[in-house]
>>> print(open('coords-v3.txt').read())   # compact mmCIF, C-alpha atoms
# COMPACT_ATOMS: atom_id res chain seq x y z
CA MET A 1 -47.18 20.20 17.55
CA GLU A 2 -44.14 19.90 19.73
CA SER A 3 -44.47 16.15 19.97
CA LEU A 4 -45.02 15.90 16.20
CA ALA A 5 -41.86 17.92 15.57
CA THR A 6 -39.99 15.67 17.92
CA THR A 7 -41.32 12.62 16.12
CA LEU A 8 -40.36 13.94 12.68
CA ALA A 9 -36.89 15.14 13.70
CA PRO A 10 -34.18 13.20 11.87
CA ALA A 11 -32.33 10.64 13.90
CA PRO A 12 -28.79 11.68 14.88
CA ALA A 13 -26.05 10.31 12.68
CA PRO A 14 -24.26 7.33 14.18
CA ALA A 15 -20.98 8.17 15.85
CA PRO A 16 -17.94 7.28 13.73
CA ARG A 17 -16.28 4.09 14.90
CA PRO A 18 -12.87 4.54 16.55
CA PHE A 19 -9.72 3.61 14.69
CA SER A 20 -8.84 0.04 15.61
CA PRO A 21 -5.53 -1.56 14.56
CA GLY A 22 -7.06 -5.03 14.91
CA ALA A 23 -9.88 -4.11 12.55
CA VAL A 24 -7.43 -2.60 10.05
CA ILE A 25 -5.21 -5.68 10.10
CA GLY A 26 -8.15 -8.07 9.81
CA ARG A 27 -9.74 -6.24 6.88
CA SER A 28 -6.36 -5.77 5.18
CA PHE A 29 -5.89 -9.54 5.06
CA SER A 30 -9.52 -10.24 4.17
CA THR A 31 -9.49 -7.65 1.37
CA TRP A 32 -6.22 -9.06 0.07
CA PHE A 33 -7.52 -12.63 0.05
CA ALA A 34 -10.92 -11.69 -1.37
CA ASN A 35 -9.22 -9.90 -4.28
CA LEU A 36 -6.27 -12.24 -4.59
CA VAL A 37 -6.81 -12.95 -8.30
CA PRO A 38 -7.16 -9.37 -9.65
CA PHE A 39 -4.53 -7.98 -7.27
CA SER A 40 -2.09 -10.76 -8.24
CA ILE A 41 -2.76 -10.20 -11.95
CA VAL A 42 -1.96 -6.51 -11.57
CA THR A 43 1.14 -7.19 -9.47
CA LEU A 44 2.57 -9.89 -11.71
CA THR A 45 1.79 -8.03 -14.95
CA VAL A 46 3.42 -4.80 -13.80
CA ASN A 47 6.43 -6.83 -12.61
CA LEU A 48 6.98 -8.55 -15.97
CA PRO A 49 10.22 -6.59 -16.62
CA VAL A 50 11.48 -7.79 -13.24
CA PHE A 51 10.71 -11.39 -14.16
CA LEU A 52 12.49 -10.96 -17.48
CA LEU A 53 15.60 -9.70 -15.72
CA ALA A 54 15.45 -12.63 -13.30
CA ALA A 55 14.98 -15.16 -16.10
CA LEU A 56 17.47 -13.85 -18.64
CA ALA A 57 20.36 -12.96 -16.36
CA PRO A 58 23.21 -15.52 -16.39
CA ASP A 59 24.25 -16.65 -12.91
CA GLU A 60 27.71 -15.10 -13.26
CA GLU A 61 26.17 -11.65 -13.90
CA ARG A 62 23.66 -11.79 -11.05
CA PRO A 63 25.38 -9.33 -8.64
CA GLU A 64 25.26 -6.49 -11.20
CA LEU A 65 21.80 -7.31 -12.49
CA ASP A 66 20.38 -7.79 -9.00
CA ARG A 67 20.79 -4.06 -8.40
CA LEU A 68 19.04 -3.25 -11.67
CA GLN A 69 16.30 -5.74 -10.83
CA MET A 70 15.78 -4.12 -7.42
CA PHE A 71 15.51 -0.69 -9.03
CA VAL A 72 12.99 -1.86 -11.65
CA SER A 73 11.03 -3.68 -8.94
CA SER A 74 10.82 -0.46 -6.91
CA LEU A 75 9.41 1.39 -9.92
CA ALA A 76 6.88 -1.38 -10.52
CA ASP A 77 5.79 -1.32 -6.89
CA LEU A 78 4.80 2.35 -7.22
CA ILE A 79 2.37 1.45 -10.01
CA VAL A 80 1.04 -1.53 -8.05
CA ILE A 81 0.46 0.51 -4.89
CA GLY A 82 -1.48 3.18 -6.78
CA ALA A 83 -3.59 0.57 -8.52
CA LEU A 84 -4.34 -1.46 -5.40
CA THR A 85 -5.19 1.59 -3.30
CA HIS A 86 -7.98 2.19 -5.79
CA GLY A 87 -8.99 -1.47 -5.66
CA VAL A 88 -9.02 -1.67 -1.85
CA LEU A 89 -11.29 1.34 -1.44
CA GLN A 90 -13.66 -0.02 -4.07
CA ALA A 91 -13.66 -3.37 -2.26
CA LEU A 92 -14.46 -1.65 1.06
CA ASN A 93 -17.40 -0.05 -0.73
CA GLY A 94 -18.64 -3.48 -1.77
CA THR A 95 -17.72 -3.19 -5.44
CA ALA A 96 -14.97 -4.72 -7.55
CA ALA A 97 -12.84 -2.40 -9.66
CA PRO A 98 -12.29 -3.71 -13.21
CA LEU A 99 -8.73 -4.65 -14.09
CA GLY A 100 -8.60 -1.82 -16.62
CA ALA A 101 -9.48 0.72 -13.94
CA LEU A 102 -6.80 -0.68 -11.63
CA PHE A 103 -4.10 -0.43 -14.29
CA ARG A 104 -5.27 3.04 -15.34
CA ARG A 105 -5.17 4.39 -11.78
CA GLY A 106 -1.79 2.82 -11.13
CA PHE A 107 -0.16 4.34 -14.21
CA THR A 108 -1.83 7.75 -14.04
CA ARG A 109 -0.88 8.26 -10.38
CA TRP A 110 2.64 6.88 -10.74
CA GLY A 111 4.33 10.29 -10.71
CA PRO A 112 2.66 11.63 -7.54
CA VAL A 113 3.08 8.26 -5.80
CA ALA A 114 6.79 8.26 -6.72
CA ARG A 115 7.31 11.77 -5.36
CA VAL A 116 5.55 11.12 -2.05
CA SER A 117 7.32 7.75 -1.71
CA ILE A 118 10.73 9.38 -2.13
CA ALA A 119 9.86 12.08 0.42
CA TYR A 120 8.52 9.45 2.83
CA ALA A 121 11.61 7.25 2.45
CA LEU A 122 13.97 10.19 3.01
CA LEU A 123 12.12 11.31 6.14
CA VAL A 124 12.11 7.79 7.60
CA PHE A 125 15.77 7.25 6.66
CA LEU A 126 16.81 10.52 8.31
CA GLY A 127 14.78 9.60 11.37
CA LEU A 128 16.38 6.16 11.60
CA GLY A 129 19.75 7.86 11.53
CA LEU A 130 18.73 9.80 14.65
CA LEU A 131 18.79 6.87 17.10
CA VAL A 132 16.07 4.88 15.26
CA VAL A 133 13.05 6.09 17.28
CA PRO A 134 12.46 9.25 15.19
CA GLY A 135 12.41 7.06 12.09
CA VAL A 136 9.73 4.82 13.58
CA ILE A 137 7.71 7.91 14.50
CA ALA A 138 8.12 9.28 10.97
CA ALA A 139 6.91 5.98 9.49
CA CYS A 140 3.74 6.23 11.59
CA VAL A 141 3.16 9.95 10.99
CA TRP A 142 3.28 9.60 7.20
CA TYR A 143 1.92 6.05 6.93
CA VAL A 144 -1.14 7.06 4.86
CA ALA A 145 0.55 9.67 2.65
CA ILE A 146 0.43 7.44 -0.43
CA PRO A 147 -3.32 6.68 -0.17
CA ALA A 148 -3.87 10.43 0.34
CA VAL A 149 -2.02 11.27 -2.87
CA VAL A 150 -3.90 8.58 -4.80
CA VAL A 151 -7.39 9.37 -3.52
CA GLU A 152 -7.28 13.12 -2.99
CA ASP A 153 -5.15 14.09 -5.98
CA ARG A 154 -2.71 16.04 -3.81
CA GLY A 155 0.92 16.92 -4.29
CA ALA A 156 3.63 15.15 -2.31
CA PHE A 157 3.99 17.73 0.46
CA ALA A 158 0.24 18.22 0.77
CA ALA A 159 -0.20 14.44 1.05
CA LEU A 160 2.44 14.29 3.79
CA ALA A 161 0.65 17.06 5.68
CA ARG A 162 -2.64 15.24 5.19
CA SER A 163 -1.20 12.02 6.61
CA ARG A 164 0.25 13.91 9.57
CA ALA A 165 -3.19 15.32 10.38
CA LEU A 166 -5.03 12.02 9.92
CA THR A 167 -2.64 9.94 12.05
CA LYS A 168 -2.50 12.45 14.91
CA GLY A 169 -3.80 10.76 18.05
CA SER A 170 -3.70 7.29 16.43
CA ARG A 171 0.01 6.73 15.88
CA TRP A 172 0.42 3.92 18.40
CA ALA A 173 -2.38 2.10 16.62
CA VAL A 174 -0.78 2.82 13.24
CA LEU A 175 2.51 1.43 14.61
CA VAL A 176 0.80 -1.87 15.41
CA VAL A 177 -0.49 -2.12 11.83
CA ALA A 178 2.94 -1.22 10.40
CA LEU A 179 4.70 -3.79 12.59
CA VAL A 180 2.39 -6.60 11.46
CA VAL A 181 2.96 -5.72 7.81
CA PHE A 182 6.71 -5.47 8.46
CA ALA A 183 6.75 -8.90 10.13
CA VAL A 184 4.95 -10.50 7.19
CA THR A 185 7.31 -8.76 4.76
CA VAL A 186 10.38 -10.00 6.65
CA ALA A 187 8.98 -13.54 6.74
CA THR A 188 8.32 -13.38 3.01
CA GLY A 189 11.83 -12.08 2.41
CA ALA A 190 13.18 -15.04 4.37
CA ALA A 191 11.09 -17.40 2.25
CA SER A 192 12.36 -15.72 -0.90
CA ALA A 193 15.96 -16.05 0.30
CA ALA A 194 15.37 -19.70 1.19
CA VAL A 195 14.52 -20.41 -2.43
CA GLY A 196 18.08 -19.41 -3.26
CA THR A 197 19.41 -22.28 -1.16
CA PHE A 198 17.70 -24.68 -3.55
CA ALA A 199 19.01 -22.90 -6.65
CA PRO A 200 21.67 -25.52 -7.47
CA ALA A 201 19.02 -28.23 -7.49
CA LEU A 202 16.62 -26.28 -9.72
CA PRO A 203 17.03 -25.61 -13.44
CA HIS A 204 17.72 -22.00 -14.34
CA PRO A 205 15.73 -19.72 -14.16
CA VAL A 206 13.23 -21.45 -11.83
CA ALA A 207 14.87 -20.34 -8.58
CA PRO A 208 15.18 -16.61 -9.39
CA LEU A 209 11.66 -16.54 -10.83
CA LEU A 210 10.23 -18.15 -7.69
CA ALA A 211 12.12 -15.77 -5.45
CA THR A 212 10.94 -12.77 -7.50
CA ALA A 213 7.33 -13.94 -7.48
CA ILE A 214 7.32 -14.45 -3.70
CA GLY A 215 8.72 -10.96 -3.16
CA ALA A 216 6.29 -9.35 -5.60
CA LEU A 217 3.17 -11.01 -4.25
CA VAL A 218 3.60 -9.57 -0.74
CA THR A 219 3.35 -5.99 -2.09
CA PRO A 220 -0.47 -6.06 -2.10
CA LEU A 221 -0.58 -6.56 1.68
CA GLY A 222 1.30 -3.33 2.36
CA ALA A 223 -0.92 -1.46 -0.10
CA CYS A 224 -4.05 -2.97 1.48
CA ALA A 225 -2.98 -2.05 5.01
CA ALA A 226 -2.18 1.57 4.15
CA ALA A 227 -5.41 2.00 2.18
CA VAL A 228 -7.58 0.44 4.92
CA ALA A 229 -5.82 2.56 7.57
CA TYR A 230 -6.43 5.69 5.47
CA HIS A 231 -10.09 4.75 5.06
CA ASP A 232 -10.61 4.07 8.75
CA LEU A 233 -8.79 7.22 9.86
CA ARG A 234 -11.02 9.34 7.65
CA VAL A 235 -14.12 7.56 8.93
CA ALA A 236 -13.01 7.99 12.55
CA LYS A 237 -11.86 11.61 12.27
CA GLU A 238 -14.20 13.04 9.64
CA GLY A 239 -17.23 10.77 9.72
CA VAL A 240 -17.15 10.25 5.95
CA ASP A 241 -18.56 7.06 4.48
CA THR A 242 -16.86 4.77 2.01
CA ALA A 243 -19.18 5.73 -0.86
CA ALA A 244 -18.06 9.35 -0.52
CA LEU A 245 -14.41 8.33 -0.57
CA VAL A 246 -14.68 6.38 -3.83
CA LYS A 247 -16.61 9.10 -5.68
CA VAL A 248 -13.25 10.55 -6.69
CA PHE A 249 -12.73 7.49 -8.91
CA GLU A 250 -15.92 8.04 -10.91
>>> encode(input="coords-v3.txt", output="C-alpha cells")
Amino acid sequence: MESLATTLAPAPAPAPRPFSPGAVIGRSFSTWFANLVPFSIVTLTVNLPVFLLAALAPDEERPELDRLQMFVSSLADLIVIGALTHGVLQALNGTAAPLGALFRRGFTRWGPVARVSIAYALLVFLGLGLLVVPGVIAACVWYVAIPAVVVEDRGAFAALARSRALTKGSRWAVLVVALVVFAVTVATGAASAAVGTFAPALPHPVAPLLATAIGALVTPLGACAAAVAYHDLRVAKEGVDTAALVKVFE
C-alpha cells in the first residue's frame, strides 16, 4: 500500500525559473519582431494625430508645434503601452490578440496607465535630482508598475507598490534590461535626429514624417521589455503560469 501511494503521489511542481535579464531582453526583441505588423499598426494608428501635426506644420512654426507634437505623442504612447502590454502577454501564452482587443485594452486602460506613468516619472525625476543614483534606483523599483496596472486592474499607488514588491531582489537584473532599452531608444533618437539633417533635400513633409515614424516605432520595444519583465518576475516569485496571467483579459 505504501509503495502504491508513493507511486500515485503527484509529481512535485517544477521550480520556477529564475529571473534572467538576458532571457527578458531576448524575448522582448523576439516578441516585438514576431508581432511587428500588429504592433506597428496599433502604434502608427494611435499616432495619427502626431503625424498630422508633423505633416501640416509649416517649417517656420515648427518650434511652437514641436512642443504640442511631443505632448500629443506622449498621450498616444500611453494608449500604445496599454495595448501592447496586452499583446505581449498573449504572445507569451502562444496566442495572438486581435487588433480590436489591442485597441480596446489600450483605450480602456489609458486613465490608469496615465496616472501611474505620471507618478513613475515624478519619482524618477525627483530621484535624478538627488545625485542621479536614486533616480536610477527608482526606475528599477517601479519598472513594472505599468504592466501591473494593465494586467491586475490596480490603482496607480497600488501598482507602484506591486512593482516594488516584484522587483525586490532582482533590481540589478532589471537595470540591465532598462539600460538595453535605453540604449536602443537613444540610438533611435539619434537616427530620428539625423533625418533632420536631410530635411533641406527632402520635400516637405517627408523629413518630419520619417522622424516621427522612427520615434514612434521604437515605443513597442519598451512596452515589450516591461511586459516580459513583469511576466518573468511573477513566474519567478509566485510560480504562476502565463495562462493564468492572461485570464484577466478574457
>>> atom_distance(input="coords-v3.txt", atom1="CA of Pro49 in chain A", atom2="CA of Phe33 in chain A")
25.1 Å
>>> atom_distance(input="coords-v3.txt", atom1="CA of Tyr143 in chain A", atom2="CA of Ser170 in chain A")
11.1 Å
>>> residues_around(input="coords-v3.txt", residues="Pro98 in chain A", least_positions_apart="4", cutoff="10 Å", atoms="all atoms listed in the file", output="list in words")
Pro38, Gly87, Gln90, Leu102, Phe103 and Arg104 of chain A
>>> write_last_selection(input="coords-v3.txt", atoms="C-alpha atoms", output="compact mmCIF listing (two decimals), in the frame of the given file")
# COMPACT_ATOMS: atom_id res chain seq x y z
CA PRO A 38 -7.16 -9.37 -9.65
CA GLY A 87 -8.99 -1.47 -5.66
CA GLN A 90 -13.66 -0.02 -4.07
CA LEU A 102 -6.80 -0.68 -11.63
CA PHE A 103 -4.10 -0.43 -14.29
CA ARG A 104 -5.27 3.04 -15.34
>>> residues_around(input="coords-v3.txt", residues="range 171-177 of chain A", least_positions_apart="6", cutoff="10 Å", atoms="only C-alpha atoms", output="list in words")
Phe19, Ser20, Pro21, Gly22, Ala23, Val24, Ile25, Gly26, Ser28, Val136, Ile137, Ala138, Ala139, Cys140, Val141, Trp142, Tyr143, Val144, Arg164, Gly222, Ala225, Ala226, Ala229 and Leu233 of chain A
>>> atom_distance(input="coords-v3.txt", atom1="CA of Ala55 in chain A", atom2="CA of Leu209 in chain A")
6.4 Å
>>> closest_residue(input="coords-v3.txt", among="A:Phe39, A:Leu75, A:Ala121, A:Ala156", to="Gly100 in chain A", atoms="all atoms listed in the file")
A:Phe39
>>> closest_residue(input="coords-v3.txt", among="A:Gly239, A:Pro134, A:Pro220, A:Gly111", to="Phe29 in chain A", atoms="all atoms listed in the file")
A:Pro220
>>> closest_residue(input="coords-v3.txt", among="A:Leu65, A:Gly189, A:Leu84, A:Ala101", to="Thr212 in chain A", atoms="all atoms listed in the file")
A:Gly189
>>> residues_around(input="coords-v3.txt", residues="Gly82 in chain A", least_positions_apart="6", cutoff="12 Å", atoms="all atoms listed in the file", output="PyMOL selection string")
chain A and resi 39+42-43+46+75-76+88-89+101-114+116-117+145-151+153+219-220+222-224+226-227
>>> closest_residue(input="coords-v3.txt", among="A:Ile81, A:Val240, A:Leu160, A:Ala91", to="Ala119 in chain A", atoms="all atoms listed in the file")
A:Leu160
>>> residues_around(input="coords-v3.txt", residues="range 92-95 of chain A", least_positions_apart="4", cutoff="8 Å", atoms="all atoms listed in the file", output="list in words")
Thr31, Val88, Thr242, Ala243 and Val246 of chain A
>>> closest_residue(input="coords-v3.txt", among="A:Tyr120, A:Gly135, A:Phe125, A:Phe71", to="Ala159 in chain A", atoms="only C-alpha atoms")
A:Tyr120
